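Novice: I have a structure here, written as structure tokens, and I will follow up with some questions on it.
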Amino acid sequence: MAQMSILQIGEVDWTDQVQNENLDWHYTTSLDLPFLLARQQDPSFLAYTYVLLTDFVIDSTVLSRQIREWPAYRVIYLGNTVGFNRELQQALDDRGAFYFQEKKPAEVADRIIRDLYLGQAGFPTRFSETQFLPVKNYRWQLKRSGRFSTAIDGDFGADYQQIGTLKTFPGDYQPEQENLVYCDYEQTGDAELALCFVFYHNGHLQQLQMIQGPAMRRLTAIKAPASYQDYQILVLAKGKGTLDLHNVHQRRSRHGLGYFLPGGSRDMTEDGQEVLSYFNPGTKKGPLVVLFVGTRLHVEGFEMMGPLSDLGYPYLLLTDPRAQGGAFMVGNEEYEGLIKEKIRSAQEAVRVTDDELILAGYSMGSYAAMYYAGQVAADHLVLAKPIINLGTFTAKGDFAHSGVNHDWILDVRYLLTGRLDRSDTERLNQKLWHSLDQLTWRNGEVSLFTTTQDEYDGESLPKLLEYFRHHHVAVNREQMPGYHEDQVEAMVEFLQKEIGRQAKVIKQEGWR
């Protein structure tokens, strides 16, 4: 069964030239496009996964208008835009269309399958006691801090030598799949780190690829052989000093078309912290929704694309790959500055004011939504299962996530403070309240979803509710039975419903 449907628009029909079982191919000309769409129940609806423009010269105002009605990141074009009319050029730019250098039908089809595949693929391999096997050497000192940090100190010599092995899985790569690899680590002295990817077939070494030097500080592509049975990541070091090892992140490459999702963005701080974002301009005018995702312990990427796309309003997703699954999307001044910069950039793109922002989040993301609300003066919030007092929460060393203690919250504390010290508890608790105190709540409203037996941070909820009462904030609250990880479907439904309701208030009714 075909994985994707393609609508080709051009003078020459490629249907017979594209013989690929993964693509359901459809064809029309620019002139016939209105007749094709008129046969749909909703002519503005895009019934195909992607639209492919194959002509090098296009002068169609009808096509320009249609592209603006379709969802973003769904159009591919092959011609240089100098051959397009100005309206089409602007529409392609505004809707995030993708340019392909490939021109031959088979090559274009292969590129669509390879780089515009559906879904997301990304995961961390951690330097934890379960995934990292260190080499025993009495001359080196090894120190673990939770499951986030494994520090090795010593003299590793003038040439690279192995200091450990990372546990991997054959499913990490499909045949000839290319993953972008980024290693999150710190170093002192002149110690240097390298990673060696070793692929095996029938018990024999098949291929070896190494990342070292400047490549260790950027995303580097590692491509799997056409067939392999297993692979290892050998961890190497040279020089003298300390290597504080955190994560090796792998994401399936889209070869320049985005990170995780087509159109997804990646920004970096000077000290190597990633800010991952996805901005979608939506299909209708309205407020900008900024949503912060929850904890993702085992896979990386974005969430809530479907419900937000169904609403149609512009939205910005932010996710956090640090630590074991996120660190509440807060950090040093540069990191938080990047988050605010992404919000402001999205605001400018769709021309909305601070009063037309809706910040949303669930679990870990709820904290970020409240924190950045104070930073960007946004007083429309949609929250679910909030975590409020970051200090008290990260002081629970025996806390279990999904029934297992992963030391996740200790890792968060270590990342945010550089140590594990109870004296930091109150300072971390006050971080959110200091930010919320910057809000005037002139037009604000809060939608709040909670569970009756929330064991994550339910004890702080009364303080949040009292804060809203004190500031005369309208709160629309829905509570359901269960623990923190229960009622997921109801939570998503609540988020979608309340974002839509608040958007209509902002868009239609004006300020109360």
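Ligands are numbered from 1 in the order shown, chains are lettered A, B, ... in the order of the structure tokens, and residues start at 1 in each chain.
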Could you build a table of the residues in range 298-363 of chain A lying no more than 12 Å from range 491-503 of chain A, giving for each the nearest pair of atoms and their separation in Å rounded to one decimal place, using only C-alpha atoms, ordered by chain and ascending residue number, as CSV?

Specialist:
residue,atom,partner,partner_atom,distance
A:Glu303,CA,A:Val492,CA,10.5
A:Met304,CA,A:Val492,CA,8.0
A:Met305,CA,A:Gln496,CA,10.7
A:Gly306,CA,A:Gln496,CA,9.8
A:Pro307,CA,A:Gln496,CA,6.0
A:Leu308,CA,A:Gln496,CA,6.9
A:Ser309,CA,A:Gln496,CA,10.0
A:Asp310,CA,A:Gln496,CA,8.9
A:Leu311,CA,A:Gly500,CA,6.6
A:Gly312,CA,A:Gly500,CA,9.3
A:Tyr313,CA,A:Ala503,CA,8.3
A:Pro314,CA,A:Ala503,CA,10.7
A:Tyr315,CA,A:Ile499,CA,10.8
A:Asp355,CA,A:Ala503,CA,10.9
A:Glu356,CA,A:Ala503,CA,8.2
A:Leu357,CA,A:Ala503,CA,8.9
A:Ile358,CA,A:Ile499,CA,7.4
A:Leu359,CA,A:Ile499,CA,9.1
A:Ala360,CA,A:Leu495,CA,7.9
A:Gly361,CA,A:Leu495,CA,8.5
A:Tyr362,CA,A:Met491,CA,8.5
A:Ser363,CA,A:Met491,CA,10.6

Novice: Could you list, as a list of chain:residue names, every residue within 7 Å of range 473-483 of chain A, counting only C-alpha atoms and ignoring same-chain residues fewer than 4 positions away?

Specialist: A:Trp441, A:Gly444, A:Glu445, A:Val446, A:Ser447, A:Leu448, A:Phe449, A:Thr450, A:Thr451, A:Thr452, A:Gln453, A:Asp454, A:Glu455, A:Phe468, A:Arg469

Novice: At what distance in Å, to one decimal, does CA of Val289 in chain A lie from CA of His472 in chain A?

Specialist: 23.1 Å

Novice: Name the residues in contact with range 103-118 of chain A at a cut-off of 8 Å, using only C-alpha atoms, excluding same-chain residues fewer than 6 positions from it; report them as an mmCIF file with N, CA and C atoms, in the first residue's frame.

Specialist:
data_model
loop_
_atom_site.group_PDB
_atom_site.id
_atom_site.type_symbol
_atom_site.label_atom_id
_atom_site.label_comp_id
_atom_site.auth_asym_id
_atom_site.auth_seq_id
_atom_site.Cartn_x
_atom_site.Cartn_y
_atom_site.Cartn_z
ATOM 1 N N TRP A 14 3.850 12.700 -15.318
ATOM 2 C CA TRP A 14 4.927 11.780 -14.922
ATOM 3 C C TRP A 14 4.408 10.421 -14.468
ATOM 4 N N GLN A 17 6.171 7.431 -15.611
ATOM 5 C CA GLN A 17 7.610 7.435 -15.354
ATOM 6 C C GLN A 17 7.946 7.188 -13.879
ATOM 7 N N VAL A 18 6.935 7.306 -13.039
ATOM 8 C CA VAL A 18 7.153 7.062 -11.607
ATOM 9 C C VAL A 18 6.477 5.753 -11.237
ATOM 10 N N GLN A 19 7.250 4.721 -11.138
ATOM 11 C CA GLN A 19 6.729 3.407 -10.758
ATOM 12 C C GLN A 19 7.251 3.084 -9.360
ATOM 13 N N ASN A 20 6.544 3.585 -8.367
ATOM 14 C CA ASN A 20 6.994 3.398 -6.990
ATOM 15 C C ASN A 20 5.797 3.018 -6.129
ATOM 16 N N ASN A 22 5.398 3.024 -3.101
ATOM 17 C CA ASN A 22 5.198 3.848 -1.915
ATOM 18 C C ASN A 22 4.456 5.148 -2.203
ATOM 19 N N LEU A 23 4.244 5.454 -3.502
ATOM 20 C CA LEU A 23 3.608 6.713 -3.876
ATOM 21 C C LEU A 23 2.353 6.457 -4.692
ATOM 22 N N LEU A 78 10.262 22.484 -8.479
ATOM 23 C CA LEU A 78 11.533 22.140 -9.121
ATOM 24 C C LEU A 78 12.156 23.316 -9.859
ATOM 25 N N SER A 253 17.970 11.863 9.064
ATOM 26 C CA SER A 253 18.187 13.075 8.288
ATOM 27 C C SER A 253 17.081 13.306 7.257
ATOM 28 N N ARG A 254 16.731 14.577 7.094
ATOM 29 C CA ARG A 254 15.853 15.000 5.995
ATOM 30 C C ARG A 254 16.647 15.811 4.970
ATOM 31 N N HIS A 255 17.978 15.799 5.101
ATOM 32 C CA HIS A 255 18.879 16.432 4.142
ATOM 33 C C HIS A 255 18.492 17.878 3.840
ATOM 34 N N LEU A 257 15.777 19.587 4.840
ATOM 35 C CA LEU A 257 14.355 19.941 4.760
ATOM 36 C C LEU A 257 13.694 20.062 6.132
ATOM 37 N N PRO A 262 9.262 17.979 8.585
ATOM 38 C CA PRO A 262 9.601 18.892 7.497
ATOM 39 C C PRO A 262 9.339 20.332 7.931
#

Novice: Just give me the gap between CA of Ile76 in chain A and CA of Leu276 in chain A in Å, one decimal is fine.

Specialist: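 Atom-to-atom, CA of Ile76 in chain A and CA of Leu276 in chain A are spaced 23.5 Å apart.
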
Novice: So, with only C-alpha atoms as the atoms that count, which of A:Thr220, A:Gln487, A:Gln430, A:Gln508 lies closest to Gly391 in chain A?

Specialist: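 Looking at the shortest contact to Gly391 in chain A, the residue is A:Gln430.
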
Novice: For the structure I just gave you, how does DSSP split range 158-350 of chain A - specifically, which residues are strand (DSSP E or B)? Reply as number ranges by chain.

Specialist: A: 161-166, 178-187, 192-201, 204-211, 220-223, 230-238, 240-252, 265-268, 274-280, 288-292, 315-319

Novice: From the list A:Tyr372, A:Leu416, A:Gly119, A:Gly239, which residue is nearest Asp159 in chain A when using only C-alpha atoms?

Specialist: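 Closest candidate: A:Gly239.
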
Novice: I'd like the neighbourhood of Pro225 in chain A as number ranges by chain, where a residue qualifies if any of its atoms comes within 8 Å (using only C-alpha atoms), though same-chain residues fewer than 4 positions away should be ignored.

Specialist: A: 175-177, 199, 207

Novice: Let me make sure I understand: among A:Arg296, A:Arg427, A:Lys385, A:Arg351, which one has the smallest atom-to-atom distance to Leu464 in chain A if we use only C-alpha atoms?

Specialist: A:Lys385

Novice: Excluding Thr319 in chain A and any residue of its chain fewer than 6 positions from it, enumerate the residues within 12 Å of it, using only C-alpha atoms, and give them as a PyMOL selection string.

Specialist: chain A and resi 259-260+264-267+274-279+290-296+299-304+325-330+339+361-362+364-365+368-369

Novice: Would you put the residues from that selection into a file with N, CA and C atoms, as an mmCIF file, in the first residue's frame?

Specialist:
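This went into out_14.cif:
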data_model
loop_
_atom_site.group_PDB
_atom_site.id
_atom_site.type_symbol
_atom_site.label_atom_id
_atom_site.label_comp_id
_atom_site.auth_asym_id
_atom_site.auth_seq_id
_atom_site.Cartn_x
_atom_site.Cartn_y
_atom_site.Cartn_z
ATOM 1 N N TYR A 259 14.223 19.390 10.785
ATOM 2 C CA TYR A 259 14.610 18.471 11.861
ATOM 3 C C TYR A 259 13.362 17.865 12.484
ATOM 4 N N PHE A 260 13.318 16.549 12.539
ATOM 5 C CA PHE A 260 12.176 15.769 13.020
ATOM 6 C C PHE A 260 10.997 15.884 12.059
ATOM 7 N N GLY A 264 11.023 21.689 10.521
ATOM 8 C CA GLY A 264 11.481 21.835 11.898
ATOM 9 C C GLY A 264 12.829 22.532 11.976
ATOM 10 N N SER A 265 13.067 23.279 13.081
ATOM 11 C CA SER A 265 14.283 24.079 13.236
ATOM 12 C C SER A 265 15.104 23.619 14.430
ATOM 13 N N ARG A 266 16.392 23.906 14.346
ATOM 14 C CA ARG A 266 17.328 23.580 15.433
ATOM 15 C C ARG A 266 18.245 24.769 15.650
ATOM 16 N N ASP A 267 18.310 25.252 16.901
ATOM 17 C CA ASP A 267 19.211 26.342 17.273
ATOM 18 C C ASP A 267 20.081 25.881 18.436
ATOM 19 N N GLU A 274 20.631 22.565 22.876
ATOM 20 C CA GLU A 274 19.772 22.639 21.704
ATOM 21 C C GLU A 274 18.407 23.228 22.037
ATOM 22 N N VAL A 275 17.899 24.063 21.123
ATOM 23 C CA VAL A 275 16.512 24.529 21.152
ATOM 24 C C VAL A 275 15.865 24.037 19.866
ATOM 25 N N LEU A 276 14.911 23.126 19.997
ATOM 26 C CA LEU A 276 14.235 22.530 18.842
ATOM 27 C C LEU A 276 12.827 23.111 18.741
ATOM 28 N N SER A 277 12.476 23.597 17.556
ATOM 29 C CA SER A 277 11.186 24.256 17.394
ATOM 30 C C SER A 277 10.581 23.916 16.040
ATOM 31 N N TYR A 278 9.265 24.070 15.964
ATOM 32 C CA TYR A 278 8.527 23.857 14.714
ATOM 33 C C TYR A 278 7.445 24.913 14.625
ATOM 34 N N PHE A 279 7.556 25.797 13.630
ATOM 35 C CA PHE A 279 6.571 26.853 13.435
ATOM 36 C C PHE A 279 5.705 26.528 12.230
ATOM 37 N N VAL A 290 1.515 28.893 21.235
ATOM 38 C CA VAL A 290 2.862 28.399 21.542
ATOM 39 C C VAL A 290 2.713 27.236 22.507
ATOM 40 N N LEU A 291 3.095 26.044 22.072
ATOM 41 C CA LEU A 291 2.908 24.856 22.909
ATOM 42 C C LEU A 291 4.242 24.221 23.259
ATOM 43 N N PHE A 292 4.434 23.959 24.541
ATOM 44 C CA PHE A 292 5.631 23.312 25.069
ATOM 45 C C PHE A 292 5.293 21.859 25.386
ATOM 46 N N VAL A 293 6.050 20.922 24.838
ATOM 47 C CA VAL A 293 5.698 19.509 25.004
ATOM 48 C C VAL A 293 6.144 18.995 26.369
ATOM 49 N N GLY A 294 5.624 17.835 26.728
ATOM 50 C CA GLY A 294 5.974 17.209 27.993
ATOM 51 C C GLY A 294 7.251 16.394 27.894
ATOM 52 N N THR A 295 7.525 15.642 28.936
ATOM 53 C CA THR A 295 8.734 14.821 28.995
ATOM 54 C C THR A 295 8.712 13.722 27.943
ATOM 55 N N ARG A 296 9.832 13.523 27.277
ATOM 56 C CA ARG A 296 9.987 12.433 26.309
ATOM 57 C C ARG A 296 11.248 11.666 26.696
ATOM 58 N N VAL A 299 12.177 8.782 23.235
ATOM 59 C CA VAL A 299 12.273 9.277 21.861
ATOM 60 C C VAL A 299 12.228 10.797 21.901
ATOM 61 N N GLU A 300 12.732 11.420 20.839
ATOM 62 C CA GLU A 300 12.763 12.869 20.768
ATOM 63 C C GLU A 300 11.833 13.362 19.659
ATOM 64 N N GLY A 301 11.375 14.602 19.777
ATOM 65 C CA GLY A 301 10.541 15.158 18.732
ATOM 66 C C GLY A 301 9.425 16.029 19.291
ATOM 67 N N PHE A 302 8.460 16.334 18.428
ATOM 68 C CA PHE A 302 7.354 17.231 18.748
ATOM 69 C C PHE A 302 6.058 16.451 18.960
ATOM 70 N N GLU A 303 5.078 17.121 19.558
ATOM 71 C CA GLU A 303 3.773 16.520 19.801
ATOM 72 C C GLU A 303 2.668 17.540 19.522
ATOM 73 N N MET A 304 1.450 17.040 19.406
ATOM 74 C CA MET A 304 0.236 17.862 19.270
ATOM 75 C C MET A 304 0.103 18.515 17.893
ATOM 76 N N GLY A 325 15.063 13.663 29.046
ATOM 77 C CA GLY A 325 13.792 13.831 28.360
ATOM 78 C C GLY A 325 13.260 15.233 28.523
ATOM 79 N N GLY A 326 14.159 16.150 28.854
ATOM 80 C CA GLY A 326 13.766 17.541 28.990
ATOM 81 C C GLY A 326 14.117 18.105 30.345
ATOM 82 N N ALA A 327 14.354 19.410 30.368
ATOM 83 C CA ALA A 327 14.676 20.111 31.610
ATOM 84 C C ALA A 327 13.791 21.340 31.747
ATOM 85 N N PHE A 328 12.496 21.157 31.451
ATOM 86 C CA PHE A 328 11.473 22.183 31.640
ATOM 87 C C PHE A 328 11.689 23.413 30.753
ATOM 88 N N MET A 329 12.538 23.276 29.758
ATOM 89 C CA MET A 329 12.788 24.327 28.768
ATOM 90 C C MET A 329 13.225 25.641 29.396
ATOM 91 N N VAL A 330 13.934 25.560 30.526
ATOM 92 C CA VAL A 330 14.552 26.733 31.124
ATOM 93 C C VAL A 330 16.036 26.444 31.301
ATOM 94 N N ILE A 339 14.671 30.772 23.332
ATOM 95 C CA ILE A 339 13.250 30.413 23.373
ATOM 96 C C ILE A 339 12.394 31.646 23.083
ATOM 97 N N GLY A 361 0.755 24.112 27.529
ATOM 98 C CA GLY A 361 1.698 23.053 27.857
ATOM 99 C C GLY A 361 1.075 22.059 28.803
ATOM 100 N N TYR A 362 1.639 20.861 28.826
ATOM 101 C CA TYR A 362 1.160 19.828 29.731
ATOM 102 C C TYR A 362 2.339 19.198 30.430
ATOM 103 N N MET A 364 5.569 18.647 32.071
ATOM 104 C CA MET A 364 6.763 19.475 32.040
ATOM 105 C C MET A 364 6.531 20.752 31.246
ATOM 106 N N GLY A 365 5.791 20.646 30.145
ATOM 107 C CA GLY A 365 5.529 21.810 29.304
ATOM 108 C C GLY A 365 4.665 22.857 29.958
ATOM 109 N N ALA A 368 6.929 25.456 31.555
ATOM 110 C CA ALA A 368 7.504 26.366 30.566
ATOM 111 C C ALA A 368 6.466 27.366 30.072
ATOM 112 N N ALA A 369 5.216 26.906 29.877
ATOM 113 C CA ALA A 369 4.164 27.814 29.408
ATOM 114 C C ALA A 369 3.946 28.943 30.410
#
